[in-house]
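J.: Below is a structure I'd like to ask you about.
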Amino acid sequence: MEVMEKTEVLPLPVFDKVRFDRWGLTEMTAGRESSAATFSAHEGENGIEINGQSVNYHYLSDELKKAGVLIMHIGDAKLRYPELVDRVLGRVINPSSDQLVADNFVQYNTGAFIYVPKNIRLTEPLHLYLNHLANEQDTVAHVLVYLEQNSELTLLAESQTVGVNGGKVSLLSEVVAGPGSKLTYVNFDDFDQNTTAYLNRQAKVGQGAVVDWVNASFSDGQTLNQLTSTLLGEGAQSDVKVASFTNGRQTQGFNTEVKNVGRHTVGHIFQRGVILDSANLIFNGLGKIIKGSKGSDAQQESRVLMLSRRGRGEANPLLLIDESDVTAGHAASVGQVDDQQLYYLMSRGLPEVLARRLVVRGFVGEVLAAIPDQRLLDRVVAAIERKLNDENGTQ
Amino acid sequence: MKTLKITDLHVEIEGKEILKGVNLTVNTGEIHAIMGPNGTGKSTLSQTIMGHPAYQITRGTIELDGQDLAEMTVDERARAGLFLAMQYPAEIQGVTNFEFMRAAVNARRPEDDQVDVMTFMKDLDRNREFLSMSVEMSSRYLNEGFSGGEKKRNEILQMLMIKPTIAILDEIDSGLDIDALKVVSKGVNSMRSDNFATLMITHYQRLLDYIVPDYVHVMMGGKIVKTGGPALAKRLEGEGYAALRDELGLQIALTDEDV
């Protein structure tokens, strides 16, 4: 109870230009439900599916087991591997950084732990399906990813709403990437329009390590997205790609940050957002270059495409530079579909609807190209089609 | 046989009249060249035929086999057999040349008879090699970062893939070195048949050495003022447009003329 009282005095996180005080994110009740069914996993793939409290799919090949790779429910991990958990939990995201973070640390009762030992390089991706059971209760989840020295992993994370009663999701994901390790972390967020989500994913990147994010934010409900890479070690790198389609009346707010701490670190942010109907989409990009990070590079490019006059979009780049020996740059824009592009495509016989789709899909093409799995890519493309079709239905 | 018939065409852009009564008939099997000084309305004519929304027809008609183009959208005109190789093709990020061209080919086919990927790839490779284009071009984004010469070749490649009935080539020779010009001309000449017509727009006679036209039209002041054979182009190269204007007794100021 002491901790509970403490959280209430912490401030809410700051998402510039995003009003979320009425979303009820401070009033969550961690659900206790389980599921009997599997919704997302495909037989034979390495990974885990967690629905509410239950693990409905779990498979690791003998080779991965023998190598010491772990993927399990976070509750199991705390019992079986407390020392490993302790090296990540609360080490990347400060538990008292704000009220929503603190609430998650107090309440979370589901989530996953993923571990790759030293020098183990996975050639096939691991799948993490973490679904929200929408039966009057909320999902409060915590994911931990720990890559030891010189290991390598591609993690494909997908989340959706199961059920029709909406609710709220709080998901914190903490990543520790040891020296020389390489992580590609793909997130496909696909919660329904009745689900309000607070998604906070952060990585600490060690010496010579690489953490590449690909976030496909396709949820239909209110969503806050925090995504942070802290480049601690010399030569650490992070490439952050975000693609989002917002439609209906939803708001999606993004804080996307890279902090250059170590020398010769490289951080690139690339964001593409498409706005339909009367939706809001706000990209806040932050490049933070700490004194001493000599020879580092921080770049960001955020672009918003408005397909509706009723929507609102913003791309706010911010660079805070406290070191002179660096290269940094930013570009941001909010615009509409280029008439010359449409004309060109139509002059080749493509009907206007198809021409528009090509331009829109092309707009997020660089993010889609970074998704290393065909089945997941197909799901994202289907989500794009769904959002565009919904739009046509409402006009 | 297909016929593109332009009758007394008047066109304005942003309230300014550019075309002032163009008459021209192009039949399949024929190669036409339109020459003329800068600012005389050659590109306006090509964009108006294709249906660029900025150009307003104020009088006259353009008909394709008797059908009024003014009643057709840009994509309908394209599917009816028209093609415009543009002077400044748009760049489209995130859409590969390959997927774009396949979409363009499929737009002409019924939904239950779309071209299969292997057949399309073979066709694309053959045409690409014919135009001496690199393998990478099919996976590159549409025109993005293409040099001027690459863009022109890519326009011709699209023409070879789409196989239009009437192709308008708007200054396809501008900015090309002699080798690239030969490649582009080779592409156009390969299309030459009784079922294909070309309307080439150019400043220079040079292009016509490689693609020999049946008819040469000279445009000045928003009208076609003279029509002849290939010899007319040679004469213009020697004497210039001003001499022809004066011979015809026209009162037209040429944009690039020294006063």
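Naming scheme: A, B, ... for chains in displayed order of the structure tokens; residues 1 onward per chain; ligands 1 onward as shown.
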Find the residues near stretch 361-365 of chain A: any atom within 6 Å, counting only C-alpha atoms, skip ones fewer than 5 places away on the same chain, and give them as a list of chain:residue names.

T.: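 What passes the distance filter is A:Arg272, B:Gln93, B:Gly94, B:Val95.
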
J.: Could those selected residues go to a file with C-alpha atoms, as an mmCIF file, in the first residue's frame?

T.:
data_model
loop_
_atom_site.group_PDB
_atom_site.id
_atom_site.type_symbol
_atom_site.label_atom_id
_atom_site.label_comp_id
_atom_site.auth_asym_id
_atom_site.auth_seq_id
_atom_site.Cartn_x
_atom_site.Cartn_y
_atom_site.Cartn_z
ATOM 1 C CA ARG A 272 5.659 8.292 -41.182
ATOM 2 C CA GLN B 93 9.026 7.191 -52.816
ATOM 3 C CA GLY B 94 8.273 3.752 -51.474
ATOM 4 C CA VAL B 95 6.717 2.433 -54.693
#

J.: Compile the residues of chain A that lie within 8 Å of chain B, evaluated using only C-alpha atoms, and express the compilation as a list in words.

T.: Gln340, Gln341, Tyr343, Tyr344, Met346, Ser347, Arg348, Gly349, Leu350, Pro351, Glu352, Leu358, Val359, Arg361, Gly362, Phe363, Val364, Gly365 and Glu366 of chain A

J.: Please provide the set of residues having any atom within 12 Å of B:Met121, restricted to only C-alpha atoms, with same-chain residues fewer than 2 positions apart removed, written as a short mmCIF file (atom, residue, chain, number, x, y, z; two decimals) with C-alpha atoms, in the first residue's frame.

T.:
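Dumped to result_32.cif:
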data_model
loop_
_atom_site.label_atom_id
_atom_site.label_comp_id
_atom_site.auth_asym_id
_atom_site.auth_seq_id
_atom_site.Cartn_x
_atom_site.Cartn_y
_atom_site.Cartn_z
CA ASN B 97 9.33 0.52 -60.47
CA PHE B 98 8.40 -3.15 -60.58
CA GLU B 99 5.16 -2.90 -58.61
CA MET B 101 4.59 -1.17 -63.86
CA ARG B 102 2.80 -4.35 -62.90
CA VAL B 105 -0.20 -3.44 -66.96
CA VAL B 115 -0.61 -10.94 -65.49
CA ASP B 116 1.27 -13.58 -63.51
CA VAL B 117 4.49 -12.48 -61.86
CA MET B 118 6.85 -14.70 -63.86
CA THR B 119 5.48 -13.65 -67.25
CA ASP B 123 8.76 -9.19 -70.21
CA LEU B 124 10.24 -6.48 -67.98
CA ASP B 125 13.73 -8.02 -68.12
CA ARG B 126 13.64 -8.30 -71.89
CA ASN B 127 12.58 -4.67 -72.37
CA ARG B 128 14.98 -3.46 -69.71
CA VAL B 135 18.83 -4.87 -63.09
CA SER B 138 13.17 -2.56 -61.15
CA SER B 139 13.63 -2.61 -57.37
CA MET B 161 5.50 -2.54 -71.17
#

J.: I need the strand (DSSP E or B) residues of stretch 13-253 of chain B per DSSP on the backbone, written as a PyMOL selection string.

T.: chain B and resi 13+16-27+31-35+55-64+67-68+82-85+92-96+141-142+166-170+197-202+215-220+223-228

J.: Using DSSP on the backbone coordinates, identify all residues within stretch 80-214 of chain B classified as helix (DSSP H, G or I); present the result as a PyMOL selection string.

T.: chain B and resi 97-106+111-113+117-130+135-138+148-162+178-191+206-210

J.: Give me, please, the distance in Å between atom CA of B:Leu248 and atom CA of B:Val225, quoted to one decimal.

T.: 8.2 Å

J.: Would you kindly return, as a list of chain:residue names, each protein, DNA or RNA residue with an atom no farther than 8 Å from any atom of A:Ala279, considering only C-alpha atoms and excluding same-chain residues fewer than 5 positions away?

T.: A:Thr246, A:Asn247, A:Gly248, A:Arg249, A:Gln250, A:Thr251, A:Arg310, A:Gly311, A:Arg312

J.: Quick one: residues within 12 Å of B:Leu236, only C-alpha atoms, excluding same-chain residues fewer than 3 positions away - as a ChimeraX atom specification?

T.: /B:35-37,203-206,216-219,226,228-233,239-245

J.: With distances taken over only C-alpha atoms, which of A:Asn109, A:Ser333, A:Gln137, A:Ser181 is nearest to A:Ala209?

T.: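 Among A:Asn109, A:Ser333, A:Gln137, A:Ser181, it is A:Ser181 that comes nearest to A:Ala209.
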
J.: Tell me, as a list in words, which residues lie within 12 Å of A:Asp62, counting only C-alpha atoms; anything in the same chain fewer than 6 positions away does not count.

T.: Gly44, Asn46, Gly68, Val69 and Leu70 of chain A
